[in-house]
Amino acid sequence: MAKAGHVLIASVRRLSLRVVSVGVTFLLVFLILIRQLTRFSVGASDSQSIDNSEYPTMWKGIFPAGLLSLGLAGSASATLLYVASYAGTVTTLRLTLPNDDSVDGTAATLETVSNSTGCGPNPSWLTLDYSKNILFCLDEGLNDPYGGVASFHVNDDGTLTTLNRLEVIQGPVSIAEFGAGGHGLALAHYSGSSVSVVGFDPEGALTLVQNETYTLAAPGPNADRQEAPHPHEAILDPTASYVLVPDLGADEVRIYQADETTLGLAPIAPLSVRPGSGPRHGTWLVTPEKTYFYLISELANAITGYETIYNDDKTLSFNEIFYIPTHGENITLPEGTGAAEIVVSPDGKFLIASSRWENSFTIANFDPNNSTLIPSDPLITFSIDHATGKLTKVQEFPAGGSGPRHFSISADGTLVASALQADGRVVIIKRDVETGLLGDYVAYADIEGELTAAIFREEYPTYY
């Protein structure tokens, strides 16, 4: 009993000390916040909204780093990302975020873990099979007669071990994984005017299964860009029964029935789109009542929304819901502006599109020692009406630089990784899951070459 009593007294003393420590810490934090808020209120009359200011509104400009929440711990969490560059590398990055309870001023960091050159000279796309610990990378083969697809084992520390590499027709730019349990890759070949299928086994060994190459009877309305078929993305439908391939050169979305066992793709009637629009990428939203398909067109800088109908004869029909500019409204864009990526948020409530080569924002330099402002293209967020499939613009936000060819959203929806083709930079942006609004720049990393993809090493739901 005496020993138990001593333990109780010691525990009470420790608890008392913790309470005092908590009280002192909160008092200090409160005084700092009052000082910062006083400063902010004095200058509030000079502030502007994100759409009217040359700088995005950022919490770091209001509160000191590390004071976004008021706890006591100082630990941090980390996640890994993979970034592809035309310079021939796949870079593993470690993003370390201050714990929500941090008050020590710790900043987020984005550090290089490793670089792999096993993909080939011009990595253009990354797909991660999280459950199998296999990363697939496409080599576009910009200056070679062939492209390639490579498989890597993803090690626990994020480094990559090359498993296999297979030569394919030139110009692969996108992968859709499909087949029972995921054992096939449908590839879209931009410069090769082809769609192909590659199978893989649990060890990452790759085998060519099928290839279809297309021609045009005549160039499209945009003769410079539509001189030949240009399949730009491979997309698996939500039933895992079809692969869709937007073809920028042919102004159609090619559609294939996908055999989950043999991995064979059988073409069926395509989805024809507006002449000269140049379809690039697409994304899905499944609701309890309807399935929506959203298509972004690079040449027309437009988004088209469709309700998808699954017919009894195993074909697909598409009822157009809307056709709108990528900005949601008619504005004059600089010549050469090109819509790029389109993604539905993990919770299905929002859609984000990226636009390149318009430089509609000017932002502060990421290097605190460099006062030169940076031109930036936008990420454009829309909310989705699940009943109608229609979009309502919520926000335009600077992507962190020029040429956001690709971006991805973290599995929990709180972060966006923006791959900037023109600037050789990947930027991590904070995202509010409830409102869909992009906020602070969390971290960035400069990477040699034109960036083509940035993905999180996280598990996402799959259709196959």
# chains A, B, ... in the order shown; residues from 1 in each chain; ligands from 1

call {"tool": "residues_around", "arguments": {"residues": "Gln210 in chain A", "least_positions_apart": "6", "cutoff": "8 Å", "atoms": "only C-alpha atoms", "output": "list in words"}}
result
Ser196, Val197, Val198, Gly264 and Leu265 of chain A

call {"tool": "write_last_selection", "arguments": {"atoms": "C-alpha atoms", "output": "PDB file, in the first residue's frame"}}
result
ATOM      1  CA  SER A 196      -1.320  -0.767 -76.548  1.00  0.00           C
ATOM      2  CA  VAL A 197      -1.622  -3.242 -73.695  1.00  0.00           C
ATOM      3  CA  VAL A 198       1.203  -4.545 -71.521  1.00  0.00           C
ATOM      4  CA  GLY A 264      -7.679  -7.804 -74.745  1.00  0.00           C
ATOM      5  CA  LEU A 265      -9.177  -4.466 -75.796  1.00  0.00           C
TER       6      LEU A 265
END

call {"tool": "closest_atom_pairs", "arguments": {"of": "range 173-226 of chain A", "to": "range 236-250 of chain A", "cutoff": "8 Å", "atoms": "only C-alpha atoms", "output": "JSON lines"}}
result
{"residue": "A:Ala176", "atom": "CA", "partner": "A:Leu236", "partner_atom": "CA", "distance": 5.9}
{"residue": "A:Glu177", "atom": "CA", "partner": "A:Leu236", "partner_atom": "CA", "distance": 7.3}
{"residue": "A:Phe178", "atom": "CA", "partner": "A:Ala240", "partner_atom": "CA", "distance": 6.9}
{"residue": "A:Gly179", "atom": "CA", "partner": "A:Ala240", "partner_atom": "CA", "distance": 7.7}
{"residue": "A:Ala186", "atom": "CA", "partner": "A:Val243", "partner_atom": "CA", "distance": 7.7}
{"residue": "A:Ala188", "atom": "CA", "partner": "A:Val245", "partner_atom": "CA", "distance": 6.9}
{"residue": "A:Leu216", "atom": "CA", "partner": "A:Ala250", "partner_atom": "CA", "distance": 7.2}
{"residue": "A:Gly220", "atom": "CA", "partner": "A:Gly249", "partner_atom": "CA", "distance": 6.8}
{"residue": "A:Arg225", "atom": "CA", "partner": "A:Gly249", "partner_atom": "CA", "distance": 6.6}
{"residue": "A:Gln226", "atom": "CA", "partner": "A:Gly249", "partner_atom": "CA", "distance": 4.1}
